[in-house]
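A.B. asks: Structure supplied as input02.txt; contents: compact mmCIF, C-alpha atoms.
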# COMPACT_ATOMS: atom_id res chain seq x y z
CA VAL W 1 21.13 0.82 7.41
CA GLN W 2 19.34 1.34 4.11
CA LEU W 3 16.00 3.04 3.74
CA GLN W 4 15.31 4.26 0.24
CA ALA W 5 11.85 5.55 -0.56
CA SER W 6 10.80 6.24 -4.13
CA GLY W 7 7.76 6.73 -6.33
CA GLY W 8 6.69 10.20 -5.32
CA GLY W 9 5.72 12.88 -7.77
CA LEU W 10 3.11 15.39 -8.82
CA VAL W 11 -0.44 14.16 -9.20
CA GLN W 12 -3.85 15.76 -9.48
CA ALA W 13 -6.39 15.40 -6.71
CA GLY W 14 -8.23 12.12 -7.08
CA GLY W 15 -5.23 10.43 -8.65
CA SER W 16 -3.04 7.59 -7.44
CA LEU W 17 0.60 6.93 -6.69
CA LYS W 18 2.48 3.89 -5.47
CA LEU W 19 5.46 4.41 -3.21
CA SER W 20 8.19 1.84 -2.77
CA CYS W 21 10.80 1.47 -0.08
CA SER W 22 13.89 -0.68 -0.06
CA ALA W 23 15.20 -1.50 3.40
CA SER W 24 18.19 -3.31 4.79
CA ALA W 25 17.52 -6.98 5.41
CA SER W 26 18.86 -6.61 8.94
CA ILE W 27 16.00 -4.34 9.97
CA PHE W 28 13.32 -5.44 7.59
CA LYS W 29 12.65 -9.05 8.40
CA ILE W 30 12.18 -8.76 12.15
CA ASN W 31 10.34 -5.50 12.33
CA ALA W 32 6.94 -4.10 11.64
CA MET W 33 7.41 -1.45 8.98
CA ALA W 34 5.60 1.80 8.47
CA TRP W 35 5.15 4.77 6.22
CA TYR W 36 5.32 8.25 7.69
CA ARG W 37 4.90 11.70 6.21
CA GLN W 38 6.03 15.18 7.09
CA THR W 39 5.12 18.65 5.91
CA PRO W 40 7.14 21.80 6.64
CA GLY W 41 6.69 23.02 10.19
CA LYS W 42 4.94 19.87 11.33
CA GLN W 43 6.06 16.75 13.10
CA ARG W 44 6.45 13.55 11.16
CA GLU W 45 3.26 11.51 11.42
CA LEU W 46 2.50 7.84 11.06
CA VAL W 47 0.47 7.02 7.97
CA ALA W 48 0.34 3.24 7.82
CA ALA W 49 2.00 0.22 9.40
CA ILE W 50 2.31 -3.48 8.68
CA THR W 51 3.48 -6.36 10.86
CA ASN W 52 6.61 -8.29 9.96
CA ASN W 53 4.56 -11.16 8.56
CA GLY W 54 2.23 -8.83 6.70
CA TYR W 55 -0.87 -10.21 8.38
CA ARG W 56 -1.96 -7.02 10.10
CA THR W 57 -2.07 -3.45 8.95
CA ASN W 58 -3.04 -0.18 10.56
CA TYR W 59 -3.82 3.21 9.09
CA ALA W 60 -4.17 6.79 10.20
CA ASP W 61 -7.81 7.82 10.21
CA ASP W 62 -7.43 10.28 7.36
CA VAL W 63 -6.03 7.70 4.94
CA LYS W 64 -8.21 4.71 5.81
CA GLY W 65 -9.97 3.38 2.76
CA ARG W 66 -7.62 5.25 0.42
CA PHE W 67 -4.12 3.92 1.16
CA ILE W 68 -2.90 0.35 1.24
CA ILE W 69 0.39 -0.77 2.78
CA ALA W 70 2.02 -4.01 1.70
CA ARG W 71 5.38 -5.70 2.00
CA GLU W 72 7.39 -8.19 0.05
CA ASN W 73 9.74 -9.87 2.50
CA ALA W 74 11.69 -11.77 -0.12
CA LYS W 75 12.80 -8.45 -1.58
CA ASN W 76 12.96 -6.38 1.63
CA MET W 77 10.45 -4.01 0.11
CA VAL W 78 7.48 -2.17 1.54
CA TYR W 79 4.90 -0.36 -0.56
CA LEU W 80 2.22 2.26 -0.13
CA GLN W 81 -0.56 2.40 -2.70
CA MET W 82 -2.22 5.79 -2.43
CA ASN W 83 -5.58 6.31 -4.09
CA SER W 84 -8.05 9.18 -4.16
CA LEU W 85 -5.26 11.55 -3.27
CA LYS W 86 -6.10 14.90 -1.73
CA PRO W 87 -4.06 18.13 -1.59
CA GLU W 88 -3.66 17.57 2.15
CA ASP W 89 -1.74 14.37 1.39
CA THR W 90 1.08 16.54 0.04
CA ALA W 91 4.18 15.74 2.08
CA VAL W 92 7.54 14.03 2.09
CA TYR W 93 6.90 10.35 2.70
CA TYR W 94 9.36 8.14 4.56
CA CYS W 95 9.49 4.48 5.39
CA ASN W 96 11.01 3.11 8.57
CA VAL W 97 10.45 0.55 11.26
CA LEU W 98 7.32 1.09 13.31
CA GLY W 99 8.22 3.18 16.32
CA ALA W 100 11.34 4.76 14.82
CA THR W 101 12.40 7.78 16.83
CA ALA W 102 13.16 11.24 15.53
CA ASP W 103 16.90 10.71 15.85
CA ALA W 104 16.86 7.43 13.90
CA TYR W 105 18.14 7.26 10.35
CA TRP W 106 15.30 8.21 8.00
CA GLY W 107 16.75 8.38 4.54
CA GLN W 108 15.75 11.08 2.07
CA GLY W 109 12.08 10.29 1.72
CA THR W 110 10.07 10.89 -1.42
CA LEU W 111 8.01 13.99 -2.15
CA VAL W 112 4.35 13.63 -3.01
CA THR W 113 2.59 16.72 -4.31
CA VAL W 114 -1.14 16.66 -4.92
CA SER W 115 -2.56 19.56 -6.89
CA SER W 116 -6.14 20.70 -6.55
Could you express the structure from this file as C-alpha cells?
C.D. replies:
Amino acid sequence: VQLQASGGGLVQAGGSLKLSCSASASIFKINAMAWYRQTPGKQRELVAAITNNGYRTNYADDVKGRFIIARENAKNMVYLQMNSLKPEDTAVYYCNVLGATADAYWGQGTLVTVSS
C-alpha cells in the first residue's frame, strides 16, 4: 500500500496551498478517496472526500467554499486545493480511502502550518 502526501508547508493566513497524494493503484481506482487532518491531542477528522469517478465531492462544514478536492485517476493522484487558509487549518494532512479506520496504514502525512 502506498499513500504519500506532499505539498504542505508554512503559509500566512489567507494564503493557499495545494496538497498532492500518490496512492497505490490497487486501492485508488475502486475507492472513494479522502483527505483527513489531525492536530496533537485530537482525533483525525475528515476534511473532504471524492467518489471514485470524481463526480461527487463532500466537505467538512468548516472548509466548504475554501477547499477543493480533485483526483486524477490516470495517475492515481488525489489533490486538495486549500484557499483562504486560517490558523485553525494547521494540522498534519493525510490522504486515504474514505472510511479508513484508525488502524489502517496512513503514511506520514504532510504538515500544514498557517500563521496569523
A.B. asks: Report, in Å to a single decimal, how far apart CA of Ser116 (chain W) and CA of Tyr94 (chain W) are.
C.D. replies: 22.8 Å
A.B. asks: Would you be able to write out as JSON, numbers by chain which residues have an atom within 10 Å of (6.7, 6.9, 15.9) in the file's coordinates, counting all atoms listed in the file?
C.D. replies: {"W": [34, 36, 44, 45, 46, 96, 97, 98, 99, 100, 101, 102]}
A.B. asks: So how far away is CA of Ile68 (chain W) from CA of Gly15 (chain W), in Å?
C.D. replies: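 So the answer is 14.3 Å.
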A.B. asks: Measure the distance from CA of Val11 (chain W) to CA of Gly54 (chain W) in Å and round it to one decimal.
C.D. replies: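 Spanning CA of Val11 (chain W) to CA of Gly54 (chain W) is a straight-line distance of 28.1 Å.
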A.B. asks: Env of region 16-31 of chain W: 6 Å cut, atoms = only C-alpha atoms, seq-sep filter 5 positions within chain, self excluded. Answer as a PyMOL selection string.
C.D. replies: chain W and resi 1-7+52+76-83
A.B. asks: Determine the nearest neighbour of Arg66 (chain W) from the options W:Gly14, W:Met33, W:Thr90, W:Ala104, counting all atoms listed in the file.
C.D. replies: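 Closest candidate: W:Gly14.
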A.B. asks: Write out as a ChimeraX atom specification each polymer residue whose atoms come within 10 Å of Arg37 (chain W), counting only C-alpha atoms; drop sequence neighbours fewer than 6 positions from it.
C.D. replies: /W:43-48,89-95,109-112
A.B. asks: Go ahead and save the residues from that selection, with C-alpha atoms, as a CSV table (one decimal), keeping the file's coordinate frame.
C.D. replies:
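part_22.csv was written with the following content:
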chain,number,residue,atom,x,y,z
W,43,GLN,CA,6.1,16.8,13.1
W,44,ARG,CA,6.4,13.6,11.2
W,45,GLU,CA,3.3,11.5,11.4
W,46,LEU,CA,2.5,7.8,11.1
W,47,VAL,CA,0.5,7.0,8.0
W,48,ALA,CA,0.3,3.2,7.8
W,89,ASP,CA,-1.7,14.4,1.4
W,90,THR,CA,1.1,16.5,0.0
W,91,ALA,CA,4.2,15.7,2.1
W,92,VAL,CA,7.5,14.0,2.1
W,93,TYR,CA,6.9,10.4,2.7
W,94,TYR,CA,9.4,8.1,4.6
W,95,CYS,CA,9.5,4.5,5.4
W,109,GLY,CA,12.1,10.3,1.7
W,110,THR,CA,10.1,10.9,-1.4
W,111,LEU,CA,8.0,14.0,-2.2
W,112,VAL,CA,4.4,13.6,-3.0
A.B. asks: Which residue gives the smallest distance to Ser84 (chain W) among W:Ala32, W:Lys42, W:Ala13, W:Arg71, with all atoms listed in the file counted?
C.D. replies: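 Ranking W:Ala32, W:Lys42, W:Ala13, W:Arg71 by distance to Ser84 (chain W), first place goes to W:Ala13.
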A.B. asks: Measuring atom to atom with only C-alpha atoms, identify which of W:Gly8, W:Trp106, W:Lys86, W:Gln38 is nearest to Val63 (chain W).
C.D. replies: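 Once distances to Val63 (chain W) are computed over only C-alpha atoms, the minimum belongs to W:Lys86.
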A.B. asks: Leaving out Tyr55 (chain W) and any residue of its chain fewer than 2 positions from it, which residues lie within 12 Å of it when counting only C-alpha atoms, given as a list of chain:residue names?
C.D. replies: W:Ala32, W:Ala49, W:Ile50, W:Thr51, W:Asn52, W:Asn53, W:Thr57, W:Asn58, W:Ile69, W:Ala70, W:Arg71, W:Glu72
A.B. asks: Print the selection's residues with C-alpha atoms to a file, as an mmCIF file, keeping the file's coordinate frame.
C.D. replies:
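File written: part.cif
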data_model
loop_
_atom_site.group_PDB
_atom_site.id
_atom_site.type_symbol
_atom_site.label_atom_id
_atom_site.label_comp_id
_atom_site.auth_asym_id
_atom_site.auth_seq_id
_atom_site.Cartn_x
_atom_site.Cartn_y
_atom_site.Cartn_z
ATOM 1 C CA ALA W 32 6.940 -4.100 11.640
ATOM 2 C CA ALA W 49 2.000 0.220 9.400
ATOM 3 C CA ILE W 50 2.310 -3.480 8.680
ATOM 4 C CA THR W 51 3.480 -6.360 10.860
ATOM 5 C CA ASN W 52 6.610 -8.290 9.960
ATOM 6 C CA ASN W 53 4.560 -11.160 8.560
ATOM 7 C CA THR W 57 -2.070 -3.450 8.950
ATOM 8 C CA ASN W 58 -3.040 -0.180 10.560
ATOM 9 C CA ILE W 69 0.390 -0.770 2.780
ATOM 10 C CA ALA W 70 2.020 -4.010 1.700
ATOM 11 C CA ARG W 71 5.380 -5.700 2.000
ATOM 12 C CA GLU W 72 7.390 -8.190 0.050
#
A.B. asks: What would region 28-39 of chain W look like with all heavy atoms in place, written as a short mmCIF file (atom, residue, chain, number, x, y, z; two decimals), keeping the file's coordinate frame?
C.D. replies:
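Written file, rebuild-v8.cif:
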data_model
loop_
_atom_site.label_atom_id
_atom_site.label_comp_id
_atom_site.auth_asym_id
_atom_site.auth_seq_id
_atom_site.Cartn_x
_atom_site.Cartn_y
_atom_site.Cartn_z
N PHE W 28 14.61 -5.22 8.23
CA PHE W 28 13.32 -5.44 7.59
C PHE W 28 12.62 -6.68 8.13
O PHE W 28 11.45 -6.63 8.51
CB PHE W 28 13.52 -5.56 6.08
CG PHE W 28 12.23 -5.63 5.31
CD1 PHE W 28 11.57 -4.47 4.95
CD2 PHE W 28 11.69 -6.85 4.95
CE1 PHE W 28 10.38 -4.53 4.25
CE2 PHE W 28 10.51 -6.91 4.24
CZ PHE W 28 9.85 -5.76 3.88
N LYS W 29 13.32 -7.77 8.17
CA LYS W 29 12.65 -9.05 8.40
C LYS W 29 12.07 -9.21 9.80
O LYS W 29 11.10 -9.95 9.98
CB LYS W 29 13.61 -10.20 8.10
CG LYS W 29 13.84 -10.40 6.60
CD LYS W 29 14.66 -11.63 6.31
CE LYS W 29 14.63 -11.99 4.84
NZ LYS W 29 15.13 -10.91 3.99
N ILE W 30 12.64 -8.54 10.78
CA ILE W 30 12.18 -8.76 12.15
C ILE W 30 11.28 -7.66 12.66
O ILE W 30 10.81 -7.71 13.79
CB ILE W 30 13.37 -8.92 13.12
CG1 ILE W 30 14.21 -7.63 13.16
CG2 ILE W 30 14.21 -10.11 12.74
CD1 ILE W 30 15.28 -7.66 14.23
N ASN W 31 11.07 -6.65 11.85
CA ASN W 31 10.34 -5.50 12.33
C ASN W 31 9.05 -5.25 11.57
O ASN W 31 8.97 -5.48 10.36
CB ASN W 31 11.20 -4.23 12.19
CG ASN W 31 12.26 -4.15 13.25
OD1 ASN W 31 11.97 -3.95 14.43
ND2 ASN W 31 13.50 -4.32 12.84
N ALA W 32 8.06 -4.72 12.32
CA ALA W 32 6.94 -4.10 11.64
C ALA W 32 7.48 -2.87 10.93
O ALA W 32 8.36 -2.18 11.44
CB ALA W 32 5.87 -3.71 12.65
N MET W 33 6.97 -2.60 9.76
CA MET W 33 7.41 -1.45 8.98
C MET W 33 6.27 -0.46 8.85
O MET W 33 5.09 -0.81 9.01
CB MET W 33 7.88 -1.90 7.60
CG MET W 33 9.11 -2.80 7.61
SD MET W 33 10.59 -2.00 8.26
CE MET W 33 10.88 -0.73 7.00
N ALA W 34 6.62 0.76 8.53
CA ALA W 34 5.60 1.80 8.47
C ALA W 34 5.98 2.86 7.46
O ALA W 34 7.15 3.03 7.12
CB ALA W 34 5.41 2.44 9.85
N TRP W 35 4.98 3.56 7.01
CA TRP W 35 5.15 4.77 6.22
C TRP W 35 4.76 5.96 7.09
O TRP W 35 3.76 5.91 7.83
CB TRP W 35 4.29 4.74 4.97
CG TRP W 35 4.83 3.85 3.89
CD1 TRP W 35 4.50 2.56 3.65
CD2 TRP W 35 5.80 4.21 2.91
NE1 TRP W 35 5.21 2.09 2.58
CE2 TRP W 35 6.01 3.08 2.10
CE3 TRP W 35 6.51 5.38 2.61
CZ2 TRP W 35 6.90 3.07 1.03
CZ3 TRP W 35 7.39 5.37 1.56
CH2 TRP W 35 7.58 4.23 0.77
N TYR W 36 5.55 7.01 6.97
CA TYR W 36 5.32 8.25 7.69
C TYR W 36 5.32 9.38 6.67
O TYR W 36 5.79 9.21 5.55
CB TYR W 36 6.45 8.51 8.69
CG TYR W 36 6.69 7.43 9.71
CD1 TYR W 36 7.39 6.27 9.38
CD2 TYR W 36 6.24 7.56 11.02
CE1 TYR W 36 7.64 5.27 10.31
CE2 TYR W 36 6.48 6.57 11.97
CZ TYR W 36 7.19 5.43 11.60
OH TYR W 36 7.43 4.45 12.53
N ARG W 37 4.81 10.53 7.08
CA ARG W 37 4.90 11.70 6.21
C ARG W 37 5.13 12.96 7.05
O ARG W 37 4.78 13.00 8.22
CB ARG W 37 3.66 11.85 5.34
CG ARG W 37 2.37 12.15 6.10
CD ARG W 37 1.19 12.11 5.14
NE ARG W 37 -0.07 12.38 5.82
CZ ARG W 37 -1.26 12.23 5.25
NH1 ARG W 37 -1.35 11.81 3.99
NH2 ARG W 37 -2.36 12.52 5.94
N GLN W 38 5.72 13.94 6.40
CA GLN W 38 6.03 15.18 7.09
C GLN W 38 5.87 16.35 6.14
O GLN W 38 6.32 16.29 4.98
CB GLN W 38 7.46 15.15 7.64
CG GLN W 38 7.80 16.32 8.53
CD GLN W 38 9.14 16.14 9.22
OE1 GLN W 38 10.03 15.44 8.72
NE2 GLN W 38 9.31 16.77 10.38
N THR W 39 5.22 17.39 6.64
CA THR W 39 5.12 18.65 5.91
C THR W 39 5.90 19.71 6.67
O THR W 39 6.12 19.57 7.88
CB THR W 39 3.65 19.08 5.76
OG1 THR W 39 3.04 19.12 7.07
CG2 THR W 39 2.88 18.11 4.88
#
